[in-house]
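Worksheet for the structure shown next.
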Amino acid sequence: MTDKTALTPATHAAPPARFSHGVRKGNILQVAGQVGFLPAEEGRPPTPAGPTLREQTLQTLANVKAVLEEGGSGWDDAMMIRVYLTDTGHFAEMNEIYNRYFDEQGLTAPPAARTTVYVGLPAGLLIEIDVLAVLG
């Protein structure tokens, strides 16, 4: 049986409850929902990258990528990306940011994805993303 490994990149604060930013078991890596918080700094509370969807989306993608890399993975291993927005009016802008970001990452094949609206994020946060990756 393969061990399960909890993942917390150095850029991330410890989670506020008993969960991990990511978990790897064998060649499966699940990245927990990430938001657009800036890299953690001692003594500073979690801080959003900015008030705009663009700032938060790019930081959220960077945070997801950090968890993937901590688990020995990358975007090309991503099988499913789930995006949660807090406003239906953000779909078009998020798609534009998402498409440009992944063009710049040089993905060989885009993963499956879904986007939905979720209103339960903490105040000021506009987006959350989680990823399922299969390594190898």
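Identifiers in the structure tokens: chain A, B, ... in order shown; residue index from 1 per chain; ligand index from 1 in order shown.
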Where does DSSP see helix (DSSP H, G or I) in chain A, if you list the residues as number ranges by chain? A: 53-70, 75-77, 88-105
Emit the selected residues as a tab-separated table (two decimals), in the first residue's frame, including C-alpha atoms.
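Listing of selection19.tsv after writing:
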chain	number	residue	atom	x	y	z
A	53	LEU	CA	-10.44	39.03	-10.28
A	54	ARG	CA	-7.25	39.16	-12.38
A	55	GLU	CA	-4.95	39.61	-9.36
A	56	GLN	CA	-6.69	36.89	-7.39
A	57	THR	CA	-6.90	34.43	-10.31
A	58	LEU	CA	-3.20	34.71	-11.15
A	59	GLN	CA	-2.23	34.31	-7.47
A	60	THR	CA	-4.62	31.37	-7.09
A	61	LEU	CA	-3.06	29.65	-10.11
A	62	ALA	CA	0.41	30.31	-8.64
A	63	ASN	CA	-0.72	28.79	-5.34
A	64	VAL	CA	-2.10	25.69	-7.09
A	65	LYS	CA	1.12	25.35	-9.08
A	66	ALA	CA	3.16	25.52	-5.85
A	67	VAL	CA	1.18	22.60	-4.39
A	68	LEU	CA	1.54	20.61	-7.63
A	69	GLU	CA	5.31	21.19	-7.60
A	70	GLU	CA	5.55	20.30	-3.90
A	75	TRP	CA	0.24	21.48	-14.97
A	76	ASP	CA	0.76	18.76	-17.60
A	77	ASP	CA	-0.26	16.20	-14.97
A	88	THR	CA	-21.61	34.93	-12.60
A	89	GLY	CA	-20.43	38.19	-14.16
A	90	HIS	CA	-16.82	36.99	-13.85
A	91	PHE	CA	-17.06	34.00	-16.22
A	92	ALA	CA	-15.81	35.77	-19.37
A	93	GLU	CA	-12.96	37.57	-17.62
A	94	MET	CA	-11.85	34.42	-15.81
A	95	ASN	CA	-11.87	32.45	-19.09
A	96	GLU	CA	-9.68	35.10	-20.72
A	97	ILE	CA	-7.19	35.08	-17.82
A	98	TYR	CA	-7.25	31.25	-17.66
A	99	ASN	CA	-6.66	30.84	-21.41
A	100	ARG	CA	-3.77	33.31	-21.48
A	101	TYR	CA	-2.19	31.78	-18.37
A	102	PHE	CA	-2.23	28.25	-19.78
A	103	ASP	CA	-0.98	29.44	-23.17
A	104	GLU	CA	2.00	30.94	-21.32
A	105	GLN	CA	2.50	27.68	-19.37
Would you list the contacts of A:Thr8 as a ChimeraX atom specification, taking every protein, DNA or RNA residue within 8 Å and counting only C-alpha atoms, but skipping same-chain residues closer than 4 positions in sequence? /A:12-14,20-22,67,70
In Å to one decimal, how far is atom CA of A:Thr52 from atom CA of A:Ala40?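 For atom CA of A:Ala40 relative to atom CA of A:Thr52, the distance reads 19.5 Å.
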Could you pull the residues within 9 Å of A:Phe19, counting only C-alpha atoms, minus those fewer than 4 positions along the same chain, as number ranges by chain? A: 6, 15, 32
Can you write out the residues you just picked, keeping N, CA and C atoms, as a PDB file, in the first residue's frame?
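In the end it all went to result13.pdb:
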ATOM      1  N   ALA A   6       0.876  14.467   2.992  1.00  0.00           N
ATOM      2  CA  ALA A   6       0.281  15.809   3.023  1.00  0.00           C
ATOM      3  C   ALA A   6       1.290  16.804   2.473  1.00  0.00           C
ATOM      4  N   PRO A  15      -2.881  25.319   7.135  1.00  0.00           N
ATOM      5  CA  PRO A  15      -4.335  25.433   7.002  1.00  0.00           C
ATOM      6  C   PRO A  15      -4.986  25.744   8.345  1.00  0.00           C
ATOM      7  N   ALA A  32      -6.084  20.785  -2.785  1.00  0.00           N
ATOM      8  CA  ALA A  32      -7.277  21.334  -2.133  1.00  0.00           C
ATOM      9  C   ALA A  32      -7.585  22.704  -2.729  1.00  0.00           C
TER      10      ALA A  32
END
Atom CA of A:Ile28 to atom CA of A:Ala112, distance in Å rounded to a single decimal: 15.8 Å
Please give the complete set of residues from stretch 20-115 of chain A that DSSP, run on the backbone, assigns to strand (DSSP E), formatted as a list of chain:residue names.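 So, restricting stretch 20-115 of chain A to strand (DSSP E), we get A:Gly22, A:Val23, A:Arg24, A:Lys25, A:Ile28, A:Leu29, A:Gln30, A:Val31, A:Ala32, A:Gly33, A:Gln34, A:Ala78, A:Met79, A:Met80, A:Ile81, A:Arg82, A:Val83, A:Tyr84, A:Leu85, A:Ala112, A:Ala113, A:Arg114, A:Thr115.
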Residue subset to file, keeping N, CA and C atoms, as a compact mmCIF listing (two decimals), in the first residue's frame:
# COMPACT_ATOMS: atom_id res chain seq x y z
N GLY A 22 -2.60 19.95 -0.14
CA GLY A 22 -2.60 18.90 -1.15
C GLY A 22 -2.25 17.58 -0.52
N VAL A 23 -2.62 16.51 -1.20
CA VAL A 23 -2.31 15.17 -0.73
C VAL A 23 -1.88 14.33 -1.94
N ARG A 24 -0.79 13.61 -1.74
CA ARG A 24 -0.33 12.70 -2.80
C ARG A 24 -0.35 11.28 -2.25
N LYS A 25 -0.90 10.37 -3.04
CA LYS A 25 -0.89 8.94 -2.72
C LYS A 25 -0.60 8.22 -4.03
N ILE A 28 -1.38 9.76 -7.64
CA ILE A 28 -2.54 10.66 -7.58
C ILE A 28 -2.21 11.82 -6.66
N LEU A 29 -2.48 13.02 -7.12
CA LEU A 29 -2.26 14.22 -6.32
C LEU A 29 -3.53 15.07 -6.38
N GLN A 30 -4.11 15.34 -5.23
CA GLN A 30 -5.28 16.22 -5.14
C GLN A 30 -4.85 17.51 -4.48
N VAL A 31 -5.05 18.62 -5.20
CA VAL A 31 -4.79 19.94 -4.64
C VAL A 31 -6.10 20.45 -4.06
N ALA A 32 -6.08 20.79 -2.78
CA ALA A 32 -7.28 21.33 -2.13
C ALA A 32 -7.59 22.70 -2.73
N GLY A 33 -8.79 23.17 -2.51
CA GLY A 33 -9.18 24.49 -3.00
C GLY A 33 -8.20 25.56 -2.55
N GLN A 34 -7.64 26.26 -3.52
CA GLN A 34 -6.69 27.34 -3.26
C GLN A 34 -7.36 28.67 -3.62
N ALA A 78 -2.18 17.68 -14.67
CA ALA A 78 -3.54 18.02 -14.24
C ALA A 78 -4.56 17.33 -15.13
N MET A 79 -5.47 16.61 -14.51
CA MET A 79 -6.54 15.92 -15.23
C MET A 79 -7.85 16.68 -15.15
N MET A 80 -8.08 17.33 -14.00
CA MET A 80 -9.35 18.05 -13.78
C MET A 80 -9.07 19.30 -12.98
N ILE A 81 -9.57 20.41 -13.46
CA ILE A 81 -9.49 21.69 -12.76
C ILE A 81 -10.91 22.14 -12.48
N ARG A 82 -11.16 22.48 -11.22
CA ARG A 82 -12.48 23.00 -10.84
C ARG A 82 -12.30 24.43 -10.35
N VAL A 83 -13.04 25.33 -10.96
CA VAL A 83 -12.97 26.75 -10.64
C VAL A 83 -14.29 27.16 -10.00
N TYR A 84 -14.20 27.87 -8.90
CA TYR A 84 -15.38 28.37 -8.20
C TYR A 84 -15.31 29.89 -8.18
N LEU A 85 -16.29 30.52 -8.77
CA LEU A 85 -16.38 31.99 -8.79
C LEU A 85 -17.49 32.43 -7.85
N ALA A 112 -9.46 18.54 -18.33
CA ALA A 112 -10.89 18.76 -18.20
C ALA A 112 -11.08 19.87 -17.17
N ALA A 113 -12.16 20.60 -17.29
CA ALA A 113 -12.39 21.71 -16.35
C ALA A 113 -13.87 21.97 -16.20
N ARG A 114 -14.20 22.58 -15.08
CA ARG A 114 -15.57 23.05 -14.88
C ARG A 114 -15.49 24.31 -14.03
N THR A 115 -16.44 25.18 -14.26
CA THR A 115 -16.53 26.41 -13.48
C THR A 115 -17.96 26.52 -12.96
